[in-house]
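What's in final18.cif: mmCIF, C-alpha atoms and all ligand atoms
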data_work
#
loop_
_atom_site.label_atom_id
_atom_site.label_comp_id
_atom_site.auth_asym_id
_atom_site.auth_seq_id
_atom_site.Cartn_x
_atom_site.Cartn_y
_atom_site.Cartn_z
CA MET A 18 0.00 0.00 0.00
CA ASP A 19 1.11 3.58 -0.65
CA LEU A 20 1.33 4.89 2.91
CA ALA A 21 0.67 8.54 2.11
CA SER A 22 -2.45 7.95 0.00
CA GLY A 23 -3.63 4.69 1.58
CA CYS A 24 -4.11 3.28 -1.90
CA LEU A 25 -2.98 -0.05 -3.29
CA ALA A 26 0.10 0.55 -5.45
CA LYS A 27 1.89 -2.77 -5.87
CA VAL A 28 1.44 -6.47 -5.50
CA GLU A 29 4.06 -9.15 -4.85
CA ALA A 30 3.76 -12.44 -6.69
CA LEU A 31 4.32 -15.40 -4.37
CA LEU A 32 5.03 -18.90 -5.59
CA ARG A 33 3.09 -21.90 -4.25
CA TRP A 34 3.06 -25.53 -5.28
CA GLN A 35 -0.24 -27.34 -5.20
CA HIS A 36 1.16 -30.74 -4.21
CA PRO A 37 -1.16 -33.73 -4.81
CA GLN A 38 -0.54 -35.26 -1.35
CA ARG A 39 0.92 -32.55 0.81
CA GLY A 40 -1.37 -29.68 -0.14
CA VAL A 41 -0.16 -26.15 -0.81
CA LEU A 42 3.60 -25.79 -0.30
CA GLY A 43 5.55 -22.56 0.08
CA PRO A 44 8.83 -21.96 -1.76
CA ARG A 45 10.95 -22.98 1.23
CA ALA A 46 9.71 -26.52 0.71
CA PHE A 47 10.79 -26.76 -2.90
CA ILE A 48 13.06 -23.98 -4.20
CA SER A 49 16.31 -25.52 -2.99
CA ILE A 50 15.30 -28.83 -4.61
CA ALA A 51 14.42 -26.99 -7.80
CA GLU A 52 17.77 -25.25 -7.78
CA THR A 53 19.83 -28.39 -7.31
CA SER A 54 17.81 -30.33 -9.86
CA GLY A 55 18.29 -27.70 -12.57
CA LEU A 56 14.69 -26.51 -12.71
CA SER A 57 15.48 -23.03 -11.49
CA THR A 58 15.62 -21.39 -14.92
CA GLU A 59 12.32 -22.93 -15.97
CA ILE A 60 10.63 -21.89 -12.74
CA SER A 61 11.90 -18.32 -13.14
CA ALA A 62 10.62 -18.22 -16.70
CA CYS A 63 7.25 -19.61 -15.62
CA VAL A 64 6.98 -17.06 -12.80
CA LEU A 65 7.84 -14.24 -15.18
CA ARG A 66 5.31 -15.40 -17.76
CA SER A 67 2.38 -15.85 -15.43
CA ALA A 68 3.11 -12.73 -13.38
CA ALA A 69 3.52 -10.53 -16.42
CA GLU A 70 0.34 -11.84 -18.03
CA GLN A 71 -1.66 -11.39 -14.84
CA LEU A 72 -0.31 -7.89 -14.37
CA CYS A 73 -1.14 -6.91 -17.94
CA ASP A 74 -4.66 -8.14 -17.47
CA TRP A 75 -5.17 -6.29 -14.16
CA ARG A 76 -3.65 -3.09 -15.52
CA ARG A 77 -5.95 -3.25 -18.50
CA ARG A 78 -9.14 -3.99 -16.59
CA LYS A 79 -8.70 -2.90 -12.98
CA ALA A 80 -5.69 -0.85 -11.94
CA PRO A 81 -3.79 0.93 -14.74
CA ARG A 82 -0.81 1.91 -12.60
CA LEU A 83 -0.42 -1.31 -10.62
CA GLN A 84 3.13 -2.63 -10.22
CA MET A 85 4.07 -6.23 -9.54
CA SER A 86 7.22 -7.60 -7.99
CA ILE A 87 8.48 -11.13 -8.39
CA ASN A 88 11.02 -13.01 -6.31
CA ARG A 89 12.79 -14.71 -9.19
CA SER A 90 15.30 -13.12 -11.49
CA PRO A 91 17.33 -14.16 -14.51
CA LEU A 92 20.40 -13.79 -12.32
CA GLN A 93 19.48 -17.10 -10.74
CA SER A 94 19.80 -18.86 -14.05
CA SER A 95 22.95 -20.78 -14.93
CA ASN A 96 23.02 -18.79 -18.17
CA ALA A 97 21.97 -15.36 -17.00
CA ARG A 98 22.65 -13.64 -20.29
CA ALA A 99 20.32 -15.98 -22.19
CA ALA A 100 17.73 -15.63 -19.43
CA VAL A 101 17.80 -11.83 -19.62
CA ASN A 102 17.30 -12.10 -23.39
CA ASP A 103 14.32 -14.43 -22.86
CA TRP A 104 12.80 -11.93 -20.45
CA ARG A 105 13.33 -9.14 -22.94
CA GLU A 106 11.63 -11.11 -25.71
CA HIS A 107 8.75 -12.08 -23.49
CA LEU A 108 8.10 -8.59 -22.13
CA ARG A 109 8.27 -7.21 -25.64
CA SER A 110 5.82 -9.81 -26.91
CA ILE A 111 3.15 -8.91 -24.38
CA ASP A 112 3.86 -5.19 -24.62
CA LEU A 113 4.02 -4.69 -20.87
CA LEU A 114 4.46 -1.06 -19.93
CA ARG A 115 7.89 -0.10 -18.70
CA GLY A 116 8.32 0.24 -14.97
CA ALA A 117 5.44 -2.09 -14.14
CA LEU A 118 7.49 -5.12 -13.18
CA VAL A 119 10.10 -5.30 -10.42
CA VAL A 120 12.43 -8.16 -9.49
CA GLU A 121 13.24 -8.64 -5.83
CA LEU A 122 16.79 -9.72 -5.19
CA THR A 123 18.19 -10.88 -1.89
CA GLU A 124 21.47 -9.58 -0.60
CA GLY A 125 22.86 -13.05 -1.13
CA GLN A 126 22.40 -12.70 -4.87
CA LEU A 127 24.54 -9.58 -4.81
CA LEU A 128 27.21 -11.12 -2.60
CA GLU A 129 29.51 -11.96 -5.43
CA PRO A 130 30.51 -8.42 -6.41
CA SER A 131 31.05 -8.67 -10.11
CA GLU A 132 30.78 -6.81 -13.32
CA ARG A 133 28.64 -9.68 -14.54
CA VAL A 134 25.89 -9.02 -11.98
CA GLY A 135 26.12 -5.29 -12.69
CA ARG A 136 25.70 -5.93 -16.41
CA HIS A 137 22.66 -8.15 -15.91
CA LEU A 138 21.00 -5.65 -13.58
CA HIS A 139 21.69 -2.96 -16.12
CA ALA A 140 20.14 -5.10 -18.84
CA LEU A 141 17.03 -5.66 -16.71
CA ARG A 142 16.67 -1.93 -16.13
CA ALA A 143 17.14 -1.32 -19.83
CA ILE A 144 14.04 -3.44 -20.55
CA GLY A 145 12.08 -1.47 -17.96
CA VAL A 146 12.25 -3.95 -15.07
CA GLY A 147 12.87 -2.34 -11.67
CA VAL A 148 15.20 -3.80 -9.05
CA SER A 149 14.30 -4.19 -5.42
CA LEU A 150 16.44 -5.39 -2.52
CA ASP A 151 14.43 -7.85 -0.42
CA ASP A 152 14.80 -8.57 3.33
CA PHE A 153 17.06 -5.55 3.68
CA GLY A 154 19.27 -5.42 6.75
CA THR A 155 19.57 -9.12 7.48
CA GLY A 156 22.32 -10.13 5.06
CA PHE A 157 26.00 -9.37 4.91
CA SER A 158 26.38 -7.19 1.87
CA SER A 159 23.64 -4.60 2.22
CA LEU A 160 25.64 -1.43 1.89
CA ALA A 161 28.16 -2.83 -0.57
CA GLY A 162 25.27 -3.87 -2.83
CA LEU A 163 23.74 -0.41 -2.61
CA GLN A 164 27.02 1.20 -3.46
CA GLN A 165 27.83 -1.02 -6.36
CA TYR A 166 24.49 -1.55 -8.09
CA GLN A 167 21.59 0.60 -9.11
CA ILE A 168 18.65 -0.39 -6.92
CA ASP A 169 15.19 1.21 -7.10
CA PHE A 170 13.54 -0.09 -3.93
CA ILE A 171 14.60 -1.31 -0.52
CA LYS A 172 12.34 -3.67 1.43
CA ILE A 173 12.83 -3.38 5.19
CA ASP A 174 12.90 -6.86 6.70
CA PRO A 175 9.96 -7.76 8.99
CA SER A 176 12.36 -8.24 11.90
CA PHE A 177 12.79 -4.44 12.06
CA VAL A 178 9.06 -3.79 11.73
CA ARG A 179 7.86 -6.34 14.29
CA ASP A 180 8.88 -4.40 17.40
CA LEU A 181 7.97 -0.93 16.17
CA GLY A 182 6.17 0.87 18.96
CA GLN A 183 7.69 -1.33 21.66
CA ASP A 184 11.38 -0.96 21.02
CA ASP A 185 13.00 2.40 20.23
CA LYS A 186 15.89 0.72 18.46
CA SER A 187 13.62 -0.69 15.77
CA LEU A 188 12.19 2.74 15.03
CA THR A 189 15.66 4.28 14.92
CA LEU A 190 16.84 1.60 12.48
CA CYS A 191 13.77 2.01 10.27
CA LYS A 192 14.24 5.77 10.18
CA ALA A 193 17.92 5.36 9.33
CA ILE A 194 17.15 2.93 6.49
CA ILE A 195 14.42 5.24 5.13
CA GLY A 196 16.66 8.32 5.33
CA MET A 197 19.56 6.55 3.66
CA ALA A 198 17.39 5.11 0.90
CA HIS A 199 15.81 8.47 0.11
CA GLU A 200 19.20 10.18 0.02
CA LEU A 201 20.27 7.53 -2.50
CA GLY A 202 17.15 8.10 -4.61
CA MET A 203 15.42 4.83 -3.65
CA GLU A 204 11.93 4.16 -2.33
CA VAL A 205 11.25 2.07 0.76
CA ILE A 206 8.74 -0.72 1.33
CA ALA A 207 8.24 -2.00 4.89
CA GLU A 208 7.46 -5.71 5.09
CA GLY A 209 5.52 -7.52 7.78
CA VAL A 210 3.24 -4.68 8.91
CA GLU A 211 0.61 -6.19 11.20
CA THR A 212 -0.76 -3.36 13.35
CA VAL A 213 -2.13 0.14 12.92
CA ARG A 214 0.62 1.39 15.26
CA GLN A 215 3.36 0.00 13.02
CA ARG A 216 1.66 1.50 10.00
CA ASP A 217 1.40 4.94 11.65
CA LEU A 218 5.02 4.97 12.84
CA LEU A 219 6.24 4.05 9.37
CA LEU A 220 4.08 6.72 7.78
CA THR A 221 5.44 9.35 10.21
CA ALA A 222 8.98 8.13 9.52
CA GLY A 223 8.47 8.87 5.83
CA CYS A 224 8.30 5.28 4.60
CA ASP A 225 6.81 5.09 1.10
CA HIS A 226 5.03 1.73 1.09
CA ALA A 227 3.98 -1.04 3.45
CA GLN A 228 2.83 -4.63 3.07
CA GLY A 229 1.72 -7.28 5.52
CA TYR A 230 -1.17 -8.95 7.33
CA PHE A 231 -2.43 -5.58 8.55
CA TYR A 232 -3.72 -5.18 5.00
CA ALA A 233 -4.19 -8.73 3.79
CA PRO A 234 -2.75 -12.23 3.99
CA PRO A 235 -1.41 -13.69 0.75
CA LEU A 236 -4.35 -13.99 -1.65
CA SER A 237 -5.12 -16.08 -4.67
CA ALA A 238 -5.36 -14.22 -7.97
CA ALA A 239 -9.16 -14.45 -7.84
CA GLU A 240 -9.30 -13.04 -4.30
CA MET A 241 -6.83 -10.33 -5.26
CA GLU A 242 -9.04 -9.36 -8.14
CA ARG A 243 -11.91 -8.56 -5.77
CA TRP A 244 -9.51 -6.65 -3.57
CA LEU A 245 -8.21 -4.58 -6.50
CA GLY A 246 -11.61 -3.13 -7.20
CA ALA A 247 -12.08 -2.05 -3.58
CA HIS A 248 -8.81 -0.22 -2.78
CA CYS A 249 -8.40 2.93 -4.94
MN MN A 301 9.87 -10.68 -1.48
#

Could I get this file's structure written as structure tokens?
Ligand code: MN
Amino acid sequence: MDLASGCLAKVEALLRWQHPQRGVLGPRAFISIAETSGLSTEISACVLRSAAEQLCDWRRRKAPRLQMSINRSPLQSSNARAAVNDWREHLRSIDLLRGALVVELTEGQLLEPSERVGRHLHALRAIGVGVSLDDFGTGFSSLAGLQQYQIDFIKIDPSFVRDLGQDDKSLTLCKAIIGMAHELGMEVIAEGVETVRQRDLLLTAGCDHAQGYFYAPPLSAAEMERWLGAHC
């Protein structure tokens, strides 16, 4: 949600596996298996395809300025250059508006400081895909990544948001992250917002966006569609 306006601005695509015996599984249950069994590239491509198509549809019918972020990127592919080219072709083919799609990277993906990563991020930006740093503040390379790469959004990890209102340190850290991000020309999204108090403190601290159970639990596309019509 856009904190200043209270309107829905972005959605985050989350991956689930409808397992025939075990029910709905979250990515923690299968992504590491997918990565070691070589399915990572295909999963990333599938996520991109379905997210981009869904976003196009919603922008056309429901919310013309909606943005969507996805937690997979071509950087996770064994052949990142080919994957970036695939993304470019796909986005071109569905004529998605520039700036509508954002990839969320973890600090771990930026750990290996290399020209290669910089080139791929640059290529993503060149096709109009924004770059967001997920779970900010919990990894090892936060500031180095910010210095080295062009990042559009920082997502404050829920561990800093959880104790807002009870622990002064959390508020100080959130304010510091927000101030730093704004100075660097980035926007900030707070993750894991669950209470009105957390929301209000973040708004007062100048945070741009917030997500979490305070607004909604993860929703299916059909549930989201009803939600879209009701929130600006
Ligand atoms: Mn994420």

Open item on the list: Excluding A:Gly125 and its own-chain neighbours fewer than 6 positions away, which residues fall within 12 Å of it when counting all atoms listed in the file? Please give them as a PyMOL selection string.
Closed with: chain A and resi 92-93+134+150-159+161-162

- [ ] Tell me, as an MDAnalysis selection string, which residues lie within 9 Å of stretch 199-210 of chain A, counting only C-alpha atoms; anything in the same chain fewer than 2 positions away does not count.
- [x] chainID A and resid 18:19 152 163 168:179 191 194:197 212:213 215:216 219 223:232

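For the residues A:Leu118, A:Ile50, A:Ile87, A:Ala233, ranking by smallest atom-to-atom distance to A:Cys73 using only C-alpha atoms places A:Leu118 first.
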
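Across A:Leu25, A:Ala100, A:Ala198, A:Val120, the tightest approach to ligand MN 301 (chain A) is made by A:Val120 when counting only C-alpha atoms and all ligand atoms.
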
Open item on the list: For a quick check of understanding, using all atoms listed in the file, which of A:Gln183, A:Ser86, A:Gln164, A:Gln126 has the smallest distance to ligand MN 301 (chain A)?
Closed with: A:Ser86

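Counting all atoms listed in the file and comparing A:Ser61, A:Gln71, A:Ser49, A:Asn88, the residue that lies closest to A:Ser237 is A:Gln71.
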
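Between atom CA of A:Val119 and atom CA of A:Ser149 the separation is 6.6 Å.
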
Open item on the list: I'd like the neighbourhood of A:Lys27 as a list in words, where a residue qualifies if any of its atoms comes within 6 Å (using only C-alpha atoms), though same-chain residues fewer than 5 positions away should be ignored.
Closed with: Leu83, Gln84 and Met85 of chain A

TODO: List every protein, DNA or RNA residue that has an atom no more than 12 Å from (7.9, -5.5, -20.6) in the file's coordinate frame, counting all atoms listed in the file, and report them as a PyMOL selection string.
DONE: chain A and resi 65-66+68-70+72-73+84-85+101-119+141-147

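Distance annotation: of A:Asp180, A:Ala222, A:Tyr166, A:Ala97, the residue with the minimal separation from A:Ala193 is A:Ala222; atom set is only C-alpha atoms.
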
Open item on the list: Nearest residue to ligand MN 301 (chain A) out of A:Gly23, A:Pro44, A:Pro81, A:Pro91, using only C-alpha atoms and all ligand atoms?
Closed with: A:Pro44

If we count only C-alpha atoms, what is near A:Glu242 at a cut-off of 12 Å, once residues fewer than 6 positions away on the same chain are taken out, given as a JSON list (two decimals) with C-alpha atoms, in the coordinates of the input?
[["chain", "number", "residue", "atom", "x", "y", "z"],
["A", 28, "VAL", "CA", 1.44, -6.47, -5.50],
["A", 71, "GLN", "CA", -1.66, -11.39, -14.84],
["A", 72, "LEU", "CA", -0.31, -7.89, -14.37],
["A", 74, "ASP", "CA", -4.66, -8.14, -17.47],
["A", 75, "TRP", "CA", -5.17, -6.29, -14.16],
["A", 76, "ARG", "CA", -3.65, -3.09, -15.52],
["A", 78, "ARG", "CA", -9.14, -3.99, -16.59],
["A", 79, "LYS", "CA", -8.70, -2.90, -12.98],
["A", 80, "ALA", "CA", -5.69, -0.85, -11.94],
["A", 236, "LEU", "CA", -4.35, -13.99, -1.65],
["A", 248, "HIS", "CA", -8.81, -0.22, -2.78]]

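Between atom CA of A:Glu59 and atom CA of A:Ala99 the interatomic distance comes to 12.3 Å.
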
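Interatomic distance, atom CA of A:Cys63 to atom CA of A:Ala247: 28.8 Å.
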
If you take every atom of stretch 128-143 of chain A that the file lists and fit an axis-aligned box around them with 6 Å extra on each side, what centre and edge lengths come out in Å to one decimal, as lines of an AutoDock Vina configuration file?
center_x = 23.9
center_y = -6.6
center_z = -11.2
size_x = 26.4
size_y = 22.6
size_z = 29.2
